file input-v6.cif (mmCIF, C-alpha atoms)
data_coords
#
loop_
_atom_site.label_atom_id
_atom_site.label_comp_id
_atom_site.auth_asym_id
_atom_site.auth_seq_id
_atom_site.Cartn_x
_atom_site.Cartn_y
_atom_site.Cartn_z
CA VAL A 167 42.84 113.05 32.59
CA LEU A 168 44.10 109.58 31.68
CA THR A 169 47.71 110.80 31.89
CA ARG A 170 47.12 112.14 35.38
CA ARG A 171 45.44 108.88 36.44
CA ALA A 172 48.32 106.82 35.01
CA ALA A 173 50.83 108.97 36.88
CA ALA A 174 48.84 108.45 40.07
CA VAL A 175 48.90 104.68 39.52
CA SER A 176 52.68 104.75 39.04
CA TYR A 177 53.16 106.79 42.21
CA ASN A 178 50.83 104.74 44.36
CA VAL A 179 52.17 101.35 43.23
CA ASN A 180 55.63 102.40 44.39
CA ALA A 181 54.44 103.93 47.67
CA PRO A 182 55.30 102.16 50.96
CA ASN A 183 51.66 101.77 52.02
CA VAL A 184 50.61 100.41 48.66
CA GLU A 185 47.65 98.44 50.04
CA GLN A 186 45.86 101.56 51.28
CA ARG A 187 46.77 103.74 48.26
CA LEU A 188 45.70 101.23 45.62
CA GLY A 189 42.29 100.84 47.19
CA ALA A 190 41.50 104.49 46.40
CA LEU A 191 42.45 104.29 42.70
CA ASP A 192 39.80 103.73 40.05
CA VAL A 193 39.89 104.53 36.32
CA SER A 194 36.94 102.38 35.25
CA ASP A 195 34.82 105.52 34.70
CA LEU A 196 37.11 106.50 31.80
CA ARG A 197 36.30 103.42 29.70
CA GLY A 198 35.12 104.20 26.18
CA ARG A 199 35.12 103.13 22.53
CA ASP A 200 37.90 105.43 21.39
CA GLU A 201 41.62 104.79 21.78
CA LEU A 202 41.86 106.58 25.11
CA GLY A 203 38.81 104.74 26.41
CA ILE A 204 40.25 101.36 25.40
CA LEU A 205 43.54 102.30 27.04
CA ALA A 206 41.66 103.31 30.19
CA GLY A 207 39.88 99.94 30.18
CA ALA A 208 43.15 98.06 29.87
CA LEU A 209 44.66 100.14 32.66
CA SER A 210 41.61 99.50 34.83
CA ASP A 211 41.86 95.73 34.31
CA LEU A 212 45.58 95.77 35.04
CA LEU A 213 45.01 97.82 38.18
CA GLN A 214 42.37 95.37 39.38
CA ARG A 215 44.81 92.49 38.94
CA VAL A 216 47.42 94.37 40.96
CA LYS A 217 44.85 95.02 43.69
CA ASP A 218 43.91 91.33 43.76
CA ASP A 219 47.57 90.27 43.97
CA VAL A 220 48.25 92.70 46.81
CA LYS A 221 45.17 91.49 48.67
CA ARG A 222 46.14 87.83 48.25
CA GLU A 223 49.66 88.53 49.50
CA SER A 224 48.31 90.37 52.52
CA ILE A 225 46.00 87.47 53.34
CA ARG A 226 48.80 84.95 52.86
CA THR A 227 51.08 86.87 55.21
CA GLN A 228 48.38 87.03 57.88
CA GLN A 229 47.60 83.34 57.49
CA GLU A 230 51.27 82.46 57.76
CA ARG A 231 51.48 84.47 60.96
CA ASP A 232 48.38 82.72 62.31
CA MET A 233 49.84 79.35 61.36
CA TRP A 234 52.94 79.86 63.45
CA HIS A 235 50.84 81.08 66.36
CA ALA A 236 48.76 77.93 65.96
CA VAL A 237 51.86 75.72 65.91
CA GLY A 238 52.94 77.22 69.20
CA HIS A 239 49.42 76.87 70.62
CA GLU A 240 49.19 73.20 69.76
CA ILE A 241 52.69 72.32 70.93
CA MET A 242 52.72 74.21 74.22
CA SER A 243 50.00 72.11 75.86
CA PRO A 244 51.75 68.72 75.68
CA LEU A 245 55.17 70.34 76.03
CA GLN A 246 54.28 71.95 79.35
CA SER A 247 52.88 68.67 80.61
CA LEU A 248 56.01 66.86 79.45
CA MET A 249 58.24 69.28 81.34
CA VAL A 250 56.31 68.69 84.58
CA LEU A 251 56.09 64.93 84.19
CA HIS A 252 59.75 64.50 83.25
CA PRO A 253 61.97 67.24 84.70
CA GLN A 254 65.17 65.27 84.11
CA ALA A 255 66.89 66.08 80.84
CA ASP A 256 67.61 62.41 80.09
CA ASP A 257 64.02 61.23 80.69
CA ALA A 258 61.93 60.95 77.51
CA SER A 259 58.16 60.60 77.33
CA HIS A 260 56.99 58.90 74.18
CA ARG A 261 53.35 59.78 74.70
CA TYR A 262 53.83 63.52 74.87
CA VAL A 263 56.45 63.53 72.17
CA GLN A 264 53.96 61.75 69.92
CA ARG A 265 51.36 64.41 70.64
CA MET A 266 53.82 67.14 69.78
CA GLN A 267 54.80 65.37 66.58
CA GLN A 268 51.17 65.02 65.59
CA ALA A 269 50.49 68.72 66.22
CA VAL A 270 53.43 69.74 64.05
CA LYS A 271 52.39 67.30 61.33
CA VAL A 272 48.83 68.60 61.31
CA LEU A 273 49.78 72.27 61.06
CA TYR A 274 52.87 72.09 58.86
CA SER A 275 52.77 73.26 55.22
CA GLN A 276 49.15 74.40 55.30
CA ALA A 277 47.82 77.78 54.23
CA SER A 278 46.06 78.45 57.53
CA PRO A 279 45.48 76.74 60.90
CA SER A 280 41.82 76.08 60.14
CA GLU A 281 42.65 74.46 56.79
CA ALA A 282 45.42 72.43 58.40
CA LEU A 283 43.16 71.05 61.10
CA GLN A 284 40.36 70.32 58.65
CA ALA A 285 42.81 68.50 56.35
CA ALA A 286 44.21 66.32 59.15
CA THR A 287 43.69 62.56 58.89
CA LEU A 288 42.86 60.74 62.13
CA GLN A 289 43.52 57.09 62.92
CA VAL A 290 40.16 56.05 64.35
CA ALA A 291 40.07 52.74 66.22
CA ALA A 292 38.34 51.08 69.18
CA LEU A 293 39.08 52.79 72.51
CA ASP A 294 37.87 52.05 76.05
CA LEU A 295 36.37 55.44 76.91
CA ASP A 296 35.90 54.68 80.62
CA ARG A 297 39.55 53.80 81.10
CA PHE A 298 40.62 56.70 78.92
CA LEU A 299 38.64 59.26 80.95
CA SER A 300 40.10 57.87 84.17
CA HIS A 301 43.57 58.45 82.72
CA VAL A 302 42.72 62.00 81.63
CA ALA A 303 41.31 62.92 85.05
CA ALA A 304 44.28 61.41 86.90
CA ASN A 305 46.79 63.34 84.77
CA ALA A 306 44.92 66.64 84.34
CA HIS A 307 47.08 68.37 86.96
CA PHE A 308 50.11 67.78 84.75
CA ALA A 309 48.39 69.98 82.15
CA GLY A 310 47.85 72.70 84.75
CA VAL A 311 44.22 71.85 85.60
CA SER A 312 43.60 70.84 89.21
CA ASP A 313 40.64 69.13 90.91
CA VAL A 314 39.25 67.24 87.92
CA ARG A 315 36.89 64.48 89.04
CA TYR A 316 35.63 61.45 87.17
CA GLN A 317 33.58 58.59 88.58
CA ALA A 318 34.53 55.51 86.58
CA VAL A 319 31.79 53.32 85.17
CA GLY A 320 33.82 50.25 86.10
CA ALA A 321 33.27 48.41 82.82
CA PRO A 322 34.69 48.84 79.31
CA VAL A 323 32.84 51.35 77.11
CA PRO A 324 34.33 50.86 73.63
CA VAL A 325 34.00 53.77 71.21
CA ARG A 326 35.52 54.68 67.87
CA ALA A 327 38.11 57.43 68.38
CA ASP A 328 41.73 58.45 67.87
CA GLU A 329 43.41 58.51 71.28
CA PHE A 330 45.75 61.49 70.88
CA PRO A 331 43.28 63.91 69.19
CA LEU A 332 40.64 62.92 71.76
CA GLU A 333 43.10 63.75 74.54
CA ASP A 334 43.71 67.11 72.86
CA VAL A 335 39.94 67.71 72.76
CA LEU A 336 39.53 67.00 76.46
CA THR A 337 42.60 69.04 77.38
CA HIS A 338 41.16 72.05 75.54
CA LEU A 339 37.80 71.58 77.29
CA LEU A 340 39.37 71.19 80.73
CA ARG A 341 41.50 74.30 80.30
CA ASN A 342 38.51 76.24 79.06
CA ALA A 343 36.50 75.06 82.08
CA ASP A 344 39.40 75.94 84.38
CA ARG A 345 39.48 79.53 83.10
CA HIS A 346 35.77 80.04 83.64
CA ARG A 347 34.96 78.01 86.75
CA THR A 348 34.14 79.53 90.13
CA PRO A 349 37.36 79.44 92.19
CA GLY A 350 37.53 76.48 94.53
CA THR A 351 34.98 74.35 92.65
CA PRO A 352 35.82 71.08 90.85
CA ILE A 353 35.56 70.24 87.17
CA THR A 354 33.58 67.04 86.72
CA MET A 355 33.48 64.54 83.88
CA ALA A 356 30.62 62.09 83.54
CA LEU A 357 30.09 59.23 81.09
CA LEU A 358 26.72 57.98 79.87
CA HIS A 359 26.26 55.36 77.18
CA ASP A 360 23.72 53.29 75.32
CA THR A 361 23.97 50.76 72.52
CA GLY A 362 24.74 53.36 69.84
CA THR A 363 26.59 56.28 71.41
CA ALA A 364 28.64 57.32 74.41
CA THR A 365 28.27 60.80 75.91
CA VAL A 366 30.89 62.66 77.94
CA ARG A 367 29.83 65.70 79.97
CA VAL A 368 32.57 68.12 81.09
CA HIS A 369 31.03 70.50 83.63
CA ASN A 370 32.23 73.55 85.51
CA GLN A 371 30.42 75.82 87.91
CA GLY A 372 30.46 79.48 86.94
CA ASN A 373 28.86 82.10 84.74
CA PRO A 374 26.81 80.96 81.74
CA ILE A 375 27.87 81.52 78.13
CA GLU A 376 26.38 84.69 76.68
CA PRO A 377 23.53 83.94 74.23
CA ALA A 378 25.18 85.99 71.48
CA LEU A 379 28.35 83.90 71.83
CA MET A 380 26.65 80.50 72.07
CA GLN A 381 26.18 80.09 68.30
CA ARG A 382 29.79 81.07 67.51
CA ILE A 383 31.77 79.63 70.39
CA PHE A 384 33.25 76.80 68.30
CA ASP A 385 34.27 79.07 65.40
CA TYR A 386 37.95 79.76 64.78
CA GLY A 387 39.22 82.91 66.51
CA VAL A 388 36.22 83.33 68.84
CA SER A 389 37.06 83.66 72.54
CA GLY A 390 35.02 84.33 75.62
CA ASN A 391 36.58 87.70 76.43
CA ASP A 392 38.90 90.25 74.87
CA GLY A 393 41.62 89.72 77.45
CA GLN A 394 42.25 86.14 76.41
CA ALA A 395 44.07 87.14 73.22
CA GLU A 396 46.55 89.15 75.26
CA SER A 397 47.18 86.18 77.57
CA GLY A 398 47.90 83.80 74.67
CA GLN A 399 44.36 82.47 74.18
CA ARG A 400 43.48 82.83 70.50
CA GLY A 401 40.00 81.29 70.43
CA GLN A 402 41.37 78.14 68.84
CA GLY A 403 40.85 75.42 71.45
CA LEU A 404 37.11 74.89 70.95
CA PHE A 405 37.54 75.04 67.17
CA VAL A 406 40.13 72.26 67.44
CA ALA A 407 37.74 70.27 69.64
CA ARG A 408 34.85 70.56 67.18
CA THR A 409 37.05 69.71 64.19
CA TYR A 410 38.56 66.61 65.80
CA MET A 411 35.19 65.40 67.12
CA GLY A 412 33.70 65.68 63.65
CA LYS A 413 36.55 63.66 62.17
CA MET A 414 35.89 60.91 64.71
CA GLY A 415 32.20 60.79 63.79
CA GLY A 416 31.20 62.57 66.99
CA THR A 417 29.68 65.87 68.05
CA ILE A 418 30.32 68.60 70.62
CA GLU A 419 27.77 70.93 72.16
CA ALA A 420 27.87 73.72 74.74
CA ARG A 421 25.03 73.92 77.26
CA ASN A 422 24.19 76.49 79.91
CA GLU A 423 22.95 74.85 83.09
CA ASP A 424 21.61 76.14 86.41
CA ASP A 425 24.99 76.24 88.13
CA GLY A 426 27.39 76.62 85.21
CA VAL A 427 28.35 75.31 81.78
CA SER A 428 28.69 71.82 80.30
CA MET A 429 30.51 70.74 77.17
CA VAL A 430 28.88 67.56 75.89
CA LEU A 431 30.74 65.15 73.60
CA THR A 432 29.17 62.22 71.79
CA LEU A 433 31.09 59.39 70.14
CA PRO A 434 29.86 56.31 68.25
CA ARG A 435 30.05 53.02 70.11
CA THR A 436 31.85 50.02 68.68
CA GLY A 437 31.31 46.36 69.38
CA SER A 438 34.58 45.29 70.95
CA LEU A 439 38.06 46.33 71.98
CA PRO A 440 41.23 44.93 70.42
CA LEU A 441 43.03 42.24 72.38
CA SER A 442 45.84 43.71 74.46
#

call {"tool": "encode", "arguments": {"input": "input-v6.cif", "output": "structure tokens"}}
result
Amino acid sequence: VLTRRAAAVSYNVNAPNVEQRLGALDVSDLRGRDELGILAGALSDLLQRVKDDVKRESIRTQQERDMWHAVGHEIMSPLQSLMVLHPQADDASHRYVQRMQQAVKVLYSQASPSEALQAATLQVAALDLDRFLSHVAANAHFAGVSDVRYQAVGAPVPVRADEFPLEDVLTHLLRNADRHRTPGTPITMALLHDTGTATVRVHNQGNPIEPALMQRIFDYGVSGNDGQAESGQRGQGLFVARTYMGKMGGTIEARNEDDGVSMVLTLPRTGSLPLS
């Protein structure tokens, strides 16, 4: 029996679809106290190590594939905006180049996109959120999102944030809102603040988020519908938004409202802005 099992192991290890074949092999039932039983135990342990190695390699390959998809996902957003803003080949945009460089730096040499984003280090500093939101709304059409409206507060609202990751967060939210809004309706951003926190509400009119999806919507790889994966949407944008907000000491929450959906961001206030 042991000879037949050993021959099967040899055959299956060398088979093209080794992952599937190895999963069906098991000689642990032949363990015993005699020489053949001890040999069966050693073979079983060796086989388990091979199975573990094959599984790890399969996971690594999938993660590597996901990483390169993520690199493209993170670079395409600022790159597309850069192409629209600066169509001339000799015209460089430092802002968008910096965003691309940051995306590559975050995702490079990490085992998976989620680990890369979670390992990223942000440069948190004082930022005028009112002025920043005005800039985001005014330039949203360059990122392919039209009719974004923001009513400025008209006074500085200093918060602690990293400018480029926060812009990535809002770009992901605006594009998500654009995909799900009722055609012809605007996307609105509103800013509320008190002494401790500032709250940004990104709202679109449209269908509510399904209750079963609400608890998982910020998880990596979760998207609103199956067709998004085919169109290049990998369920990564909201995961990026949650990760970056957490690193800035903030939060993000999805809310169903009477006429649509709101994504609500909170950021800690800071006392003053740096002198410009």

call {"tool": "closest_residue", "arguments": {"input": "input-v6.cif", "among": "A:Asn370, A:Ala208, A:Val323, A:Ala303", "to": "Thr337 in chain A", "atoms": "only C-alpha atoms"}}
result
A:Ala303

call {"tool": "axis_aligned_box", "arguments": {"input": "input-v6.cif", "around": "range 422-437 of chain A", "padding_each_side": "4 Å", "output": "lines of an AutoDock Vina configuration file"}}
result
center_x = 26.7
center_y = 61.5
center_z = 78.2
size_x = 18.2
size_y = 38.3
size_z = 27.9

call {"tool": "atom_distance", "arguments": {"input": "input-v6.cif", "atom1": "CA of Phe405 in chain A", "atom2": "CA of Asn422 in chain A"}}
result
18.5 Å

call {"tool": "closest_residue", "arguments": {"input": "input-v6.cif", "among": "A:Arg199, A:Arg435, A:Arg341, A:Arg421", "to": "Arg367 in chain A", "atoms": "all atoms listed in the file"}}
result
A:Arg421

call {"tool": "closest_residue", "arguments": {"input": "input-v6.cif", "among": "A:Val319, A:Met414, A:Leu433, A:Leu379", "to": "Val290 in chain A", "atoms": "all atoms listed in the file"}}
result
A:Met414

call {"tool": "residues_around", "arguments": {"input": "input-v6.cif", "residues": "Asp328 in chain A", "least_positions_apart": "3", "cutoff": "10 Å", "atoms": "all atoms listed in the file", "output": "MDAnalysis selection string"}}
result
chainID A and resid 288:293 325 331:333 410:411 413:414

call {"tool": "atom_distance", "arguments": {"input": "input-v6.cif", "atom1": "CA of His359 in chain A", "atom2": "CA of Ser300 in chain A"}}
result
15.7 Å

call {"tool": "atom_distance", "arguments": {"input": "input-v6.cif", "atom1": "CA of Ile375 in chain A", "atom2": "CA of His346 in chain A"}}
result
9.7 Å

call {"tool": "residues_around", "arguments": {"input": "input-v6.cif", "residues": "Val368 in chain A", "least_positions_apart": "6", "cutoff": "10 Å", "atoms": "all atoms listed in the file", "output": "list in words"}}
result
Val314, Arg315, Tyr316, Leu336, Leu339, Leu340, Ala343, Ile353, Thr354, Met355, Ala356, Leu357, Ala420, Val427, Ser428, Met429, Val430 and Leu431 of chain A

call {"tool": "closest_residue", "arguments": {"input": "input-v6.cif", "among": "A:Asp211, A:Glu376, A:Asp344, A:Asp232", "to": "Ala306 in chain A", "atoms": "all atoms listed in the file"}}
result
A:Asp344

call {"tool": "closest_residue", "arguments": {"input": "input-v6.cif", "among": "A:Lys217, A:Gly387, A:His369, A:Val335", "to": "Thr417 in chain A", "atoms": "only C-alpha atoms"}}
result
A:Val335

call {"tool": "closest_residue", "arguments": {"input": "input-v6.cif", "among": "A:Leu295, A:Val302, A:Ala321, A:Ala309", "to": "Pro434 in chain A", "atoms": "all atoms listed in the file"}}
result
A:Leu295

call {"tool": "decode", "arguments": {"input": "input-v6.cif", "residues": "range 267-357 of chain A", "atoms": "C-alpha atoms", "output": "PDB file, in the first residue's frame"}}
result
ATOM      1  CA  GLN A 267       5.207  59.053  -7.570  1.00  0.00           C
ATOM      2  CA  GLN A 268       3.508  58.609  -4.228  1.00  0.00           C
ATOM      3  CA  ALA A 269       1.226  55.879  -5.585  1.00  0.00           C
ATOM      4  CA  VAL A 270       4.180  53.958  -6.985  1.00  0.00           C
ATOM      5  CA  LYS A 271       6.130  54.390  -3.758  1.00  0.00           C
ATOM      6  CA  VAL A 272       3.230  53.129  -1.661  1.00  0.00           C
ATOM      7  CA  LEU A 273       2.614  50.007  -3.733  1.00  0.00           C
ATOM      8  CA  TYR A 274       6.146  49.073  -4.745  1.00  0.00           C
ATOM      9  CA  SER A 275       7.913  46.057  -3.187  1.00  0.00           C
ATOM     10  CA  GLN A 276       4.976  44.983  -1.035  1.00  0.00           C
ATOM     11  CA  ALA A 277       3.435  41.528  -0.872  1.00  0.00           C
ATOM     12  CA  SER A 278      -0.082  42.741  -1.632  1.00  0.00           C
ATOM     13  CA  PRO A 279      -1.926  46.017  -2.314  1.00  0.00           C
ATOM     14  CA  SER A 280      -3.666  45.954   1.054  1.00  0.00           C
ATOM     15  CA  GLU A 281      -0.373  45.454   2.916  1.00  0.00           C
ATOM     16  CA  ALA A 282       1.273  48.174   0.842  1.00  0.00           C
ATOM     17  CA  LEU A 283      -1.423  50.716   1.617  1.00  0.00           C
ATOM     18  CA  GLN A 284      -1.490  49.813   5.292  1.00  0.00           C
ATOM     19  CA  ALA A 285       2.309  50.140   5.485  1.00  0.00           C
ATOM     20  CA  ALA A 286       2.338  53.578   3.833  1.00  0.00           C
ATOM     21  CA  THR A 287       3.610  56.512   5.895  1.00  0.00           C
ATOM     22  CA  LEU A 288       1.721  59.792   5.513  1.00  0.00           C
ATOM     23  CA  GLN A 289       3.086  63.287   6.094  1.00  0.00           C
ATOM     24  CA  VAL A 290       0.322  64.786   8.222  1.00  0.00           C
ATOM     25  CA  ALA A 291       0.361  68.565   8.635  1.00  0.00           C
ATOM     26  CA  ALA A 292      -2.019  71.509   8.998  1.00  0.00           C
ATOM     27  CA  LEU A 293      -4.274  72.009   5.953  1.00  0.00           C
ATOM     28  CA  ASP A 294      -7.027  74.551   5.238  1.00  0.00           C
ATOM     29  CA  LEU A 295      -9.883  72.161   4.485  1.00  0.00           C
ATOM     30  CA  ASP A 296     -12.238  74.845   3.139  1.00  0.00           C
ATOM     31  CA  ARG A 297      -9.729  76.024   0.567  1.00  0.00           C
ATOM     32  CA  PHE A 298      -8.760  72.453  -0.243  1.00  0.00           C
ATOM     33  CA  LEU A 299     -12.364  71.384  -0.936  1.00  0.00           C
ATOM     34  CA  SER A 300     -12.859  74.413  -3.172  1.00  0.00           C
ATOM     35  CA  HIS A 301      -9.827  73.293  -5.176  1.00  0.00           C
ATOM     36  CA  VAL A 302     -11.090  69.702  -5.420  1.00  0.00           C
ATOM     37  CA  ALA A 303     -14.545  70.794  -6.612  1.00  0.00           C
ATOM     38  CA  ALA A 304     -13.118  73.225  -9.172  1.00  0.00           C
ATOM     39  CA  ASN A 305     -10.834  70.564 -10.654  1.00  0.00           C
ATOM     40  CA  ALA A 306     -13.101  67.504 -10.410  1.00  0.00           C
ATOM     41  CA  HIS A 307     -13.957  67.648 -14.121  1.00  0.00           C
ATOM     42  CA  PHE A 308     -10.293  67.042 -14.913  1.00  0.00           C
ATOM     43  CA  ALA A 309     -10.674  63.681 -13.144  1.00  0.00           C
ATOM     44  CA  GLY A 310     -13.725  62.874 -15.266  1.00  0.00           C
ATOM     45  CA  VAL A 311     -16.381  63.876 -12.710  1.00  0.00           C
ATOM     46  CA  SER A 312     -18.677  66.707 -13.785  1.00  0.00           C
ATOM     47  CA  ASP A 313     -21.079  68.927 -11.829  1.00  0.00           C
ATOM     48  CA  VAL A 314     -19.413  68.741  -8.411  1.00  0.00           C
ATOM     49  CA  ARG A 315     -20.641  71.532  -6.155  1.00  0.00           C
ATOM     50  CA  TYR A 316     -19.146  72.920  -2.970  1.00  0.00           C
ATOM     51  CA  GLN A 317     -20.314  75.983  -1.046  1.00  0.00           C
ATOM     52  CA  ALA A 318     -17.219  77.439   0.592  1.00  0.00           C
ATOM     53  CA  VAL A 319     -17.345  78.329   4.270  1.00  0.00           C
ATOM     54  CA  GLY A 320     -15.368  81.486   3.533  1.00  0.00           C
ATOM     55  CA  ALA A 321     -12.969  81.130   6.462  1.00  0.00           C
ATOM     56  CA  PRO A 322      -9.976  78.872   7.135  1.00  0.00           C
ATOM     57  CA  VAL A 323     -10.812  75.480   8.650  1.00  0.00           C
ATOM     58  CA  PRO A 324      -7.433  74.001   9.633  1.00  0.00           C
ATOM     59  CA  VAL A 325      -7.266  70.222   9.988  1.00  0.00           C
ATOM     60  CA  ARG A 326      -4.497  67.661  10.298  1.00  0.00           C
ATOM     61  CA  ALA A 327      -4.132  65.812   6.992  1.00  0.00           C
ATOM     62  CA  ASP A 328      -1.759  64.858   4.187  1.00  0.00           C
ATOM     63  CA  GLU A 329      -2.781  66.801   1.087  1.00  0.00           C
ATOM     64  CA  PHE A 330      -2.106  64.227  -1.639  1.00  0.00           C
ATOM     65  CA  PRO A 331      -3.653  61.169   0.093  1.00  0.00           C
ATOM     66  CA  LEU A 332      -6.669  63.295   1.054  1.00  0.00           C
ATOM     67  CA  GLU A 333      -7.062  64.293  -2.592  1.00  0.00           C
ATOM     68  CA  ASP A 334      -6.903  60.602  -3.515  1.00  0.00           C
ATOM     69  CA  VAL A 335      -9.616  59.869  -0.936  1.00  0.00           C
ATOM     70  CA  LEU A 336     -11.941  62.518  -2.338  1.00  0.00           C
ATOM     71  CA  THR A 337     -11.232  61.499  -5.934  1.00  0.00           C
ATOM     72  CA  HIS A 338     -12.213  57.910  -5.113  1.00  0.00           C
ATOM     73  CA  LEU A 339     -15.399  59.109  -3.394  1.00  0.00           C
ATOM     74  CA  LEU A 340     -16.343  61.447  -6.244  1.00  0.00           C
ATOM     75  CA  ARG A 341     -15.839  58.742  -8.853  1.00  0.00           C
ATOM     76  CA  ASN A 342     -17.840  56.293  -6.781  1.00  0.00           C
ATOM     77  CA  ALA A 343     -20.634  58.868  -6.451  1.00  0.00           C
ATOM     78  CA  ASP A 344     -20.455  59.576 -10.187  1.00  0.00           C
ATOM     79  CA  ARG A 345     -20.982  55.891 -11.024  1.00  0.00           C
ATOM     80  CA  HIS A 346     -24.030  55.597  -8.791  1.00  0.00           C
ATOM     81  CA  ARG A 347     -25.746  58.984  -9.044  1.00  0.00           C
ATOM     82  CA  THR A 348     -29.004  59.585 -10.885  1.00  0.00           C
ATOM     83  CA  PRO A 349     -28.082  60.972 -14.332  1.00  0.00           C
ATOM     84  CA  GLY A 350     -28.293  64.742 -14.501  1.00  0.00           C
ATOM     85  CA  THR A 351     -28.009  65.319 -10.742  1.00  0.00           C
ATOM     86  CA  PRO A 352     -25.051  67.046  -9.047  1.00  0.00           C
ATOM     87  CA  ILE A 353     -22.597  65.663  -6.521  1.00  0.00           C
ATOM     88  CA  THR A 354     -22.414  67.957  -3.512  1.00  0.00           C
ATOM     89  CA  MET A 355     -19.733  68.417  -0.883  1.00  0.00           C
ATOM     90  CA  ALA A 356     -20.507  70.115   2.414  1.00  0.00           C
ATOM     91  CA  LEU A 357     -18.218  71.069   5.297  1.00  0.00           C
TER      92      LEU A 357
END
